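Data file: model.cif. Format and content: mmCIF, C-alpha atoms.
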```
data_upload
#
loop_
_atom_site.label_atom_id
_atom_site.label_comp_id
_atom_site.auth_asym_id
_atom_site.auth_seq_id
_atom_site.Cartn_x
_atom_site.Cartn_y
_atom_site.Cartn_z
CA MET A 60 3.96 24.21 31.90
CA GLU A 61 5.87 21.07 32.81
CA LEU A 62 9.00 20.52 30.71
CA GLY A 63 7.79 17.05 29.70
CA ILE A 64 4.57 18.48 28.25
CA ALA A 65 6.50 21.28 26.49
CA LEU A 66 8.88 18.74 24.93
CA THR A 67 5.94 16.62 23.78
CA LEU A 68 4.37 19.68 22.16
CA LEU A 69 7.71 20.36 20.44
CA ALA A 70 7.68 16.75 19.22
CA THR A 71 4.14 17.29 17.91
CA LEU A 72 5.34 20.31 15.92
CA GLY A 73 8.32 18.37 14.59
CA TRP A 74 6.24 15.38 13.49
CA GLY A 75 3.42 17.47 12.06
CA ALA A 76 5.73 19.65 9.98
CA GLY A 77 8.10 16.78 9.14
CA ASP A 78 5.23 14.73 7.68
CA VAL A 79 4.31 17.50 5.26
CA PHE A 80 7.93 18.25 4.33
CA ALA A 81 8.43 14.55 3.61
CA ARG A 82 5.29 14.49 1.47
CA LYS A 83 6.61 17.53 -0.42
CA ALA A 84 9.93 15.76 -0.99
CA MET A 85 8.05 12.79 -2.48
CA PHE A 86 7.09 14.91 -5.49
CA GLY A 87 10.77 14.74 -6.49
CA ALA A 88 11.96 11.47 -4.93
CA SER A 89 10.66 7.99 -4.14
CA PRO A 90 9.38 7.28 -0.58
CA SER A 91 12.28 4.87 -0.02
CA ILE A 92 14.89 7.47 -0.94
CA VAL A 93 13.12 10.13 1.16
CA LEU A 94 13.03 7.78 4.13
CA SER A 95 16.65 6.55 3.87
CA SER A 96 18.03 10.08 3.52
CA MET A 97 15.84 11.34 6.34
CA ILE A 98 16.96 8.63 8.77
CA ALA A 99 20.63 9.33 7.99
CA ILE A 100 20.23 13.08 8.60
CA SER A 101 18.12 12.49 11.72
CA MET A 102 20.73 10.07 13.09
CA VAL A 103 23.57 12.56 12.55
CA SER A 104 21.50 15.37 14.10
CA LEU A 105 20.63 13.30 17.18
CA GLY A 106 24.25 12.14 17.43
CA ILE A 107 25.58 15.70 17.48
CA VAL A 108 22.97 16.89 20.00
CA GLY A 109 23.59 13.76 22.10
CA LEU A 110 27.34 14.47 22.15
CA PHE A 111 26.70 17.98 23.45
CA LEU A 112 24.02 17.10 26.00
CA GLU A 113 25.06 13.65 27.24
CA GLY A 114 28.74 13.33 26.27
CA ALA A 115 30.47 10.61 24.25
CA ALA A 116 30.37 8.16 27.17
CA ALA A 117 26.57 7.94 26.99
CA PHE A 118 26.85 6.27 23.56
CA GLY A 119 28.98 3.48 25.01
CA LYS A 120 26.71 2.51 27.90
CA ILE A 121 24.89 -0.20 26.02
CA ASP A 122 24.04 -3.79 26.85
CA LEU A 123 22.38 -6.64 24.96
CA ARG A 124 18.90 -5.85 26.27
CA PHE A 125 19.24 -2.22 25.20
CA LEU A 126 20.57 -3.23 21.77
CA GLY A 127 17.73 -5.71 21.28
CA LEU A 128 15.07 -3.19 22.22
CA VAL A 129 16.44 -0.34 20.06
CA LEU A 130 16.79 -2.80 17.17
CA LEU A 131 13.11 -3.63 17.61
CA MET A 132 12.33 0.09 17.83
CA GLY A 133 14.31 0.72 14.65
CA ALA A 134 12.30 -1.95 12.85
CA LEU A 135 8.96 -0.74 14.22
CA THR A 136 9.59 2.97 13.68
CA TRP A 137 11.38 3.02 10.36
CA VAL A 138 10.48 -0.23 8.56
CA THR A 139 6.92 -1.10 9.59
CA GLY A 140 6.29 2.46 10.83
CA ASN A 141 7.58 5.24 8.61
CA LEU A 142 8.20 3.11 5.51
CA LEU A 143 4.58 1.90 5.50
CA TYR A 144 3.40 5.38 6.47
CA PHE A 145 5.31 7.06 3.65
CA HIS A 146 3.94 4.58 1.11
CA GLY A 147 0.49 5.10 2.67
CA MET A 148 0.92 8.88 2.47
CA LYS A 149 2.04 8.62 -1.16
CA ARG A 150 -1.10 6.62 -2.00
CA ALA A 151 -3.74 8.32 0.18
CA GLY A 152 -2.21 11.78 0.61
CA VAL A 153 -1.15 13.51 3.81
CA ILE A 154 -4.64 14.96 4.34
CA ILE A 155 -6.04 11.46 4.94
CA ALA A 156 -2.95 9.71 6.32
CA ALA A 157 -1.92 12.22 9.00
CA PRO A 158 -5.19 12.10 11.02
CA ILE A 159 -5.21 8.30 10.92
CA LEU A 160 -1.74 8.32 12.42
CA GLY A 161 -3.04 10.84 14.95
CA ALA A 162 -5.13 7.99 16.36
CA VAL A 163 -1.97 6.29 17.70
CA PRO A 164 -3.25 6.90 21.28
CA LEU A 165 -5.88 4.21 20.62
CA PRO A 166 -3.38 1.32 20.26
CA ALA A 167 -1.33 3.00 23.01
CA ILE A 168 -4.33 2.71 25.34
CA GLY A 169 -4.77 -0.88 24.16
CA LEU A 170 -1.19 -1.63 25.18
CA ALA A 171 -1.80 -0.01 28.57
CA ILE A 172 -4.85 -2.26 29.07
CA VAL A 173 -3.20 -5.48 27.88
CA PHE A 174 0.28 -5.07 29.36
CA GLY A 175 -0.35 -2.51 32.11
CA ASN A 176 -3.67 -3.94 33.39
CA GLU A 177 -5.19 -0.45 33.24
CA GLN A 178 -8.97 0.08 33.04
CA PRO A 179 -10.07 2.96 30.75
CA ASN A 180 -12.66 5.34 32.24
CA ALA A 181 -15.77 6.67 30.48
CA TRP A 182 -13.90 9.75 29.19
CA VAL A 183 -11.28 7.59 27.53
CA ILE A 184 -14.02 5.54 25.85
CA LEU A 185 -15.73 8.76 24.68
CA GLY A 186 -12.42 10.09 23.33
CA ALA A 187 -11.75 6.80 21.56
CA ALA A 188 -15.25 6.87 20.04
CA LEU A 189 -14.65 10.39 18.68
CA ILE A 190 -11.33 9.27 17.20
CA VAL A 191 -13.00 6.32 15.47
CA LEU A 192 -15.81 8.60 14.19
CA GLY A 193 -13.26 11.12 12.91
CA ILE A 194 -11.29 8.45 11.09
CA THR A 195 -14.51 7.01 9.62
CA ILE A 196 -15.37 10.45 8.20
CA LEU A 197 -11.88 10.78 6.76
CA VAL A 198 -11.90 7.32 5.24
CA THR A 199 -15.35 7.75 3.66
CA ASP A 200 -14.20 11.10 2.20
CA ARG A 201 -11.53 9.51 0.08
CA LYS A 202 -13.59 9.60 -3.14
CA ARG A 203 -14.22 13.30 -2.69
CA MET A 204 -10.46 13.74 -2.29
CA LEU A 205 -10.02 12.19 -5.73
CA GLN A 206 -12.29 14.64 -7.51
CA MET B 289 -4.91 11.86 -20.77
CA SER B 290 -4.32 15.15 -18.95
CA GLU B 291 -1.57 15.62 -16.36
CA ASN B 292 -4.16 16.02 -13.62
CA SER B 293 -5.98 12.80 -14.42
CA ARG B 294 -2.69 10.92 -14.55
CA ASN B 295 -1.87 12.14 -11.02
CA LEU B 296 -5.20 11.04 -9.55
CA SER B 297 -5.19 8.07 -7.19
CA SER B 298 -7.67 5.23 -7.64
CA PRO B 299 -9.97 4.38 -4.69
CA ASN B 300 -8.13 1.06 -4.25
CA LYS B 301 -4.83 2.88 -4.06
CA VAL B 302 -6.23 5.23 -1.41
CA THR B 303 -7.68 2.29 0.54
CA SER B 304 -4.33 0.50 0.50
CA GLY B 305 -2.70 3.75 1.62
CA ILE B 306 -5.10 3.95 4.57
CA PHE B 307 -4.40 0.30 5.48
CA LEU B 308 -0.62 0.88 5.39
CA THR B 309 -1.04 3.97 7.58
CA ILE B 310 -3.06 2.03 10.17
CA LEU B 311 -0.30 -0.63 10.32
CA ALA B 312 2.23 2.17 10.75
CA GLY B 313 0.16 3.59 13.63
CA PHE B 314 0.32 0.28 15.52
CA SER B 315 4.09 0.18 14.98
CA PHE B 316 4.50 3.68 16.41
CA ALA B 317 2.38 2.82 19.45
CA PHE B 318 4.65 -0.16 20.22
CA THR B 319 7.77 1.94 19.70
CA GLY B 320 6.55 4.54 22.18
CA PHE B 321 5.80 1.79 24.69
CA ILE B 322 9.36 0.41 24.39
CA ALA B 323 10.93 3.89 24.45
CA ASN B 324 9.00 4.68 27.62
CA ASN B 325 10.40 1.51 29.20
CA LEU B 326 13.98 2.41 28.23
CA VAL B 327 13.94 6.03 29.41
CA ASP B 328 12.21 5.01 32.65
CA ASN B 329 15.30 2.85 33.26
CA GLY B 330 17.60 5.85 32.96
CA ARG B 331 18.51 5.81 29.26
CA PRO B 332 18.76 9.35 27.78
CA GLY B 333 16.00 9.91 25.22
CA ILE B 334 18.41 11.38 22.64
CA ILE B 335 20.69 8.33 22.84
CA VAL B 336 17.68 6.02 22.43
CA GLY B 337 16.62 8.06 19.37
CA PHE B 338 20.16 7.92 17.91
CA TYR B 339 20.44 4.13 18.15
CA GLU B 340 16.89 3.72 16.90
CA CYS B 341 17.85 5.74 13.78
CA LEU B 342 21.13 3.81 13.39
CA PHE B 343 19.39 0.42 13.37
CA GLY B 344 16.49 1.85 11.37
CA LEU B 345 18.89 3.04 8.66
CA ILE B 346 20.57 -0.38 8.45
CA LEU B 347 17.19 -2.15 8.24
CA VAL B 348 15.67 0.26 5.69
CA MET B 349 18.79 0.08 3.51
CA GLY B 350 18.56 -3.71 3.72
CA VAL B 351 14.89 -3.67 2.69
CA ASN B 352 15.51 -1.23 -0.19
CA ILE B 353 18.86 -2.55 -1.44
CA ARG B 354 17.32 -4.10 -4.57
CA GLN B 355 15.67 -0.82 -5.57
CA ILE B 356 18.84 1.29 -5.39
CA PRO B 357 20.29 0.52 -8.86
CA GLY B 358 17.04 1.41 -10.61
CA ARG B 359 15.90 4.27 -8.39
CA PRO B 360 14.53 7.39 -10.09
CA ARG B 361 16.59 10.59 -10.01
CA THR B 362 16.13 12.77 -6.93
CA THR B 363 15.76 16.49 -7.50
CA ARG B 364 17.67 19.12 -5.54
CA LEU B 365 14.39 20.57 -4.34
CA ALA B 366 13.43 17.16 -2.99
CA LEU B 367 16.74 17.02 -1.09
CA PHE B 368 15.93 20.39 0.49
CA TRP B 369 12.55 19.13 1.72
CA ILE B 370 14.14 15.87 2.89
CA ALA B 371 16.60 17.86 5.04
CA LEU B 372 13.78 19.94 6.53
CA ALA B 373 11.73 16.79 7.22
CA ALA B 374 14.75 15.15 8.88
CA VAL B 375 15.22 18.13 11.19
CA GLY B 376 11.53 17.93 12.11
CA PHE B 377 11.70 14.19 12.81
CA ALA B 378 14.98 14.40 14.75
CA THR B 379 13.47 17.16 16.90
CA ALA B 380 10.36 15.04 17.41
CA PHE B 381 12.18 11.84 18.41
CA GLY B 382 14.72 13.57 20.63
CA SER B 383 12.20 15.72 22.46
CA PHE B 384 9.48 13.06 22.81
CA TYR B 385 11.81 10.39 24.19
CA THR B 386 13.32 12.95 26.58
CA ALA B 387 9.78 13.94 27.58
CA LEU B 388 8.91 10.32 28.39
CA SER B 389 11.48 10.38 31.19
CA ARG B 390 9.39 13.14 32.81
CA ILE B 391 5.79 12.17 31.96
CA ASP B 392 3.86 8.90 31.50
CA TYR B 393 3.39 7.43 28.04
CA SER B 394 -0.37 7.50 28.57
CA VAL B 395 -0.12 11.28 28.98
CA GLY B 396 2.37 11.97 26.19
CA ALA B 397 0.84 9.75 23.49
CA PRO B 398 -2.54 11.53 23.39
CA ILE B 399 -0.82 14.92 22.99
CA LEU B 400 0.81 13.58 19.83
CA GLY B 401 -2.72 13.18 18.48
CA ALA B 402 -2.54 16.88 17.65
CA VAL B 403 0.03 16.09 14.92
CA PRO B 404 -2.70 16.19 12.19
CA LEU B 405 -3.62 19.75 13.16
CA VAL B 406 0.01 20.85 12.80
CA SER B 407 0.20 18.99 9.48
CA TYR B 408 -2.95 20.72 8.21
CA VAL B 409 -1.58 24.16 9.09
CA VAL B 410 1.71 23.39 7.33
CA VAL B 411 -0.18 21.92 4.34
CA LEU B 412 -1.89 25.30 3.88
CA PHE B 413 1.53 26.87 3.23
CA VAL B 414 3.66 24.06 1.78
CA LEU B 415 1.29 21.89 -0.29
CA ARG B 416 -1.02 24.60 -1.63
CA GLY B 417 -2.46 23.37 -4.94
CA GLN B 418 -1.09 19.84 -4.44
CA GLU B 419 -3.41 18.60 -1.68
CA ARG B 420 -6.87 19.89 -0.83
CA ILE B 421 -8.43 20.22 2.62
CA THR B 422 -12.16 19.48 2.26
CA PHE B 423 -14.79 20.25 4.90
CA ARG B 424 -15.16 16.55 5.72
CA SER B 425 -11.42 16.01 6.08
CA LEU B 426 -11.23 19.03 8.38
CA LEU B 427 -14.22 17.77 10.43
CA GLY B 428 -12.70 14.30 10.68
CA ALA B 429 -9.33 15.67 11.78
CA LEU B 430 -11.03 17.94 14.33
CA LEU B 431 -12.94 14.99 15.85
CA VAL B 432 -9.70 12.97 16.09
CA VAL B 433 -7.96 15.85 17.85
CA ILE B 434 -10.93 16.45 20.23
CA GLY B 435 -11.01 12.74 21.05
CA VAL B 436 -7.29 12.70 21.72
CA GLY B 437 -7.64 15.90 23.79
CA ILE B 438 -10.35 14.30 25.96
CA ILE B 439 -8.17 11.25 26.55
CA GLY B 440 -5.15 13.42 27.27
CA THR B 441 -6.87 15.64 29.80
CA THR B 442 -8.78 12.92 31.63
CA SER B 443 -6.25 10.07 31.72
#
```
What would you get if you wrote out this structure as structure tokens?
Amino acid sequence: MELGIALTLLATLGWGAGDVFARKAMFGASPSIVLSSMIAISMVSLGIVGLFLEGAAAFGKIDLRFLGLVLLMGALTWVTGNLLYFHGMKRAGVIIAAPILGAVPLPAIGLAIVFGNEQPNAWVILGAALIVLGITILVTDRKRMLQ
Amino acid sequence: MSENSRNLSSPNKVTSGIFLTILAGFSFAFTGFIANNLVDNGRPGIIVGFYECLFGLILVMGVNIRQIPGRPRTTRLALFWIALAAVGFATAFGSFYTALSRIDYSVGAPILGAVPLVSYVVVLFVLRGQERITFRSLLGALLVVIGVGIIGTTS
């Protein structure tokens, strides 16, 4: 297996488990506190691993473009991403929220079409249709989830 | 009113939760797109993840600053789960951004569609009695994962 695929699978495990652990934490803390604490611990963890793997110099090789893009990433991931997701998870539950987030490839394909001028093939359209159907089933099941 | 009925969510609350999650999904898709651009230009994925967390922490603290004085007490058990969640997320960001330097975003993103399956397995152990997996929710999640799998293997 290619290392890139293996790392992506590891990321999938981390996100999948992390979502549930975060939901569990929300039974004893507000989503905002869970998120703030989680970012701080994640930052320290990545900083330590980065020091070991890349060295201290790698943290200094930054320019304005890089700073602007990671600032945008920080806003998208943690403010409009995880903050909204955690509030969404608190309201709808992880059983409904997690699969909806699993449909992220759909907007990703949209970005590839709009900015990358890519043309999706029939399989991609079929996959997208199944994702939409799956989400529709999940969304229409919300009343049953409340019983 | 019983404890159970107090904990139930209203349909409107669930709908708003779904809407917030969809907005979050779009945000994550854009983030991956930008991260792919940065690591393709030689930036180490772990360093990208570190700075993303640094700016994210500043922004989230800024957004939540008014809530801090009146925030409810956090239990020690919650702190334990927060630490575990943070390890999971740090692993995810570090490994995914590093992976993007080796594979295309259009290949990596669909694999992440399997996140719900991992979540469901963990829910069985961690959230037993607190969240229920119904047949329809399982069917819906399975269709999402199959759809993502088709996109991942044919793109």
Just checking: using all atoms listed in the file, which residue out of A:Gly75, A:Leu123, A:Phe111, A:Thr195 ends up closest to chain B? A:Gly75
Go through segment 79-170 of chain A and flag each residue having an atom no more than 8 Å from segment 297-311 of chain B; for those, report the closest pair of atoms plus their distance in Å to one decimal, using all atoms listed in the file, ordered by chain and rising number, as a tab-separated table.
```
residue	atom	partner	partner_atom	distance
A:Thr139	CA	B:Leu311	CA	7.3
A:Gly140	CA	B:Leu311	CA	7.3
A:Leu143	CA	B:Leu308	CA	5.3
A:Tyr144	CA	B:Thr309	CA	4.8
A:His146	CA	B:Gly305	CA	6.7
A:Gly147	CA	B:Gly305	CA	3.6
A:Met148	CA	B:Gly305	CA	6.3
A:Lys149	CA	B:Gly305	CA	7.3
A:Arg150	CA	B:Gly305	CA	4.9
A:Ala151	CA	B:Val302	CA	4.3
A:Gly152	CA	B:Val302	CA	7.9
A:Ile155	CA	B:Ile306	CA	7.6
A:Ala156	CA	B:Thr309	CA	6.2
A:Ile159	CA	B:Ile310	CA	6.7
A:Leu160	CA	B:Thr309	CA	6.5
```
Selected by the PyMOL selection byres ((chain A and resi 62) around 10) in the shown coordinates: which residues, as a PyMOL selection string? (chain A and resi 60-61+63-68) or (chain B and resi 386-387+390-391)
Output of the PyMOL selection byres ((chain A and resi 81-92) around 6), listed as a JSON list (two decimals) with C-alpha atoms, keeping the file's coordinate frame:
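Okay, result-v5.json is ready:
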```json
[["chain", "number", "residue", "atom", "x", "y", "z"],
["A", 77, "GLY", "CA", 8.10, 16.78, 9.14],
["A", 78, "ASP", "CA", 5.23, 14.73, 7.68],
["A", 79, "VAL", "CA", 4.31, 17.50, 5.26],
["A", 80, "PHE", "CA", 7.93, 18.25, 4.33],
["A", 93, "VAL", "CA", 13.12, 10.13, 1.16],
["A", 94, "LEU", "CA", 13.03, 7.78, 4.13],
["A", 95, "SER", "CA", 16.65, 6.55, 3.87],
["A", 145, "PHE", "CA", 5.31, 7.06, 3.65],
["B", 362, "THR", "CA", 16.13, 12.77, -6.93],
["B", 363, "THR", "CA", 15.76, 16.49, -7.50],
["B", 366, "ALA", "CA", 13.43, 17.16, -2.99],
["B", 369, "TRP", "CA", 12.55, 19.13, 1.72],
["B", 370, "ILE", "CA", 14.14, 15.87, 2.89],
["B", 373, "ALA", "CA", 11.73, 16.79, 7.22]]
```
Mind checking which residues fall within 7 Å of segment 315-325 of chain B, counting all atoms listed in the file, ignoring those fewer than 3 positions away in the same chain, and posting them as a count of residues only? 15
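The space between atom CA of Val433 of chain B and atom CA of Gly186 of chain A spans 9.1 Å.
The space between atom CA of Val191 of chain A and atom CA of Gly376 of chain B spans 27.3 Å.
The two atoms in question, atom CA of Ala134 of chain A and atom CA of Met349 of chain B, are spaced 11.6 Å apart.
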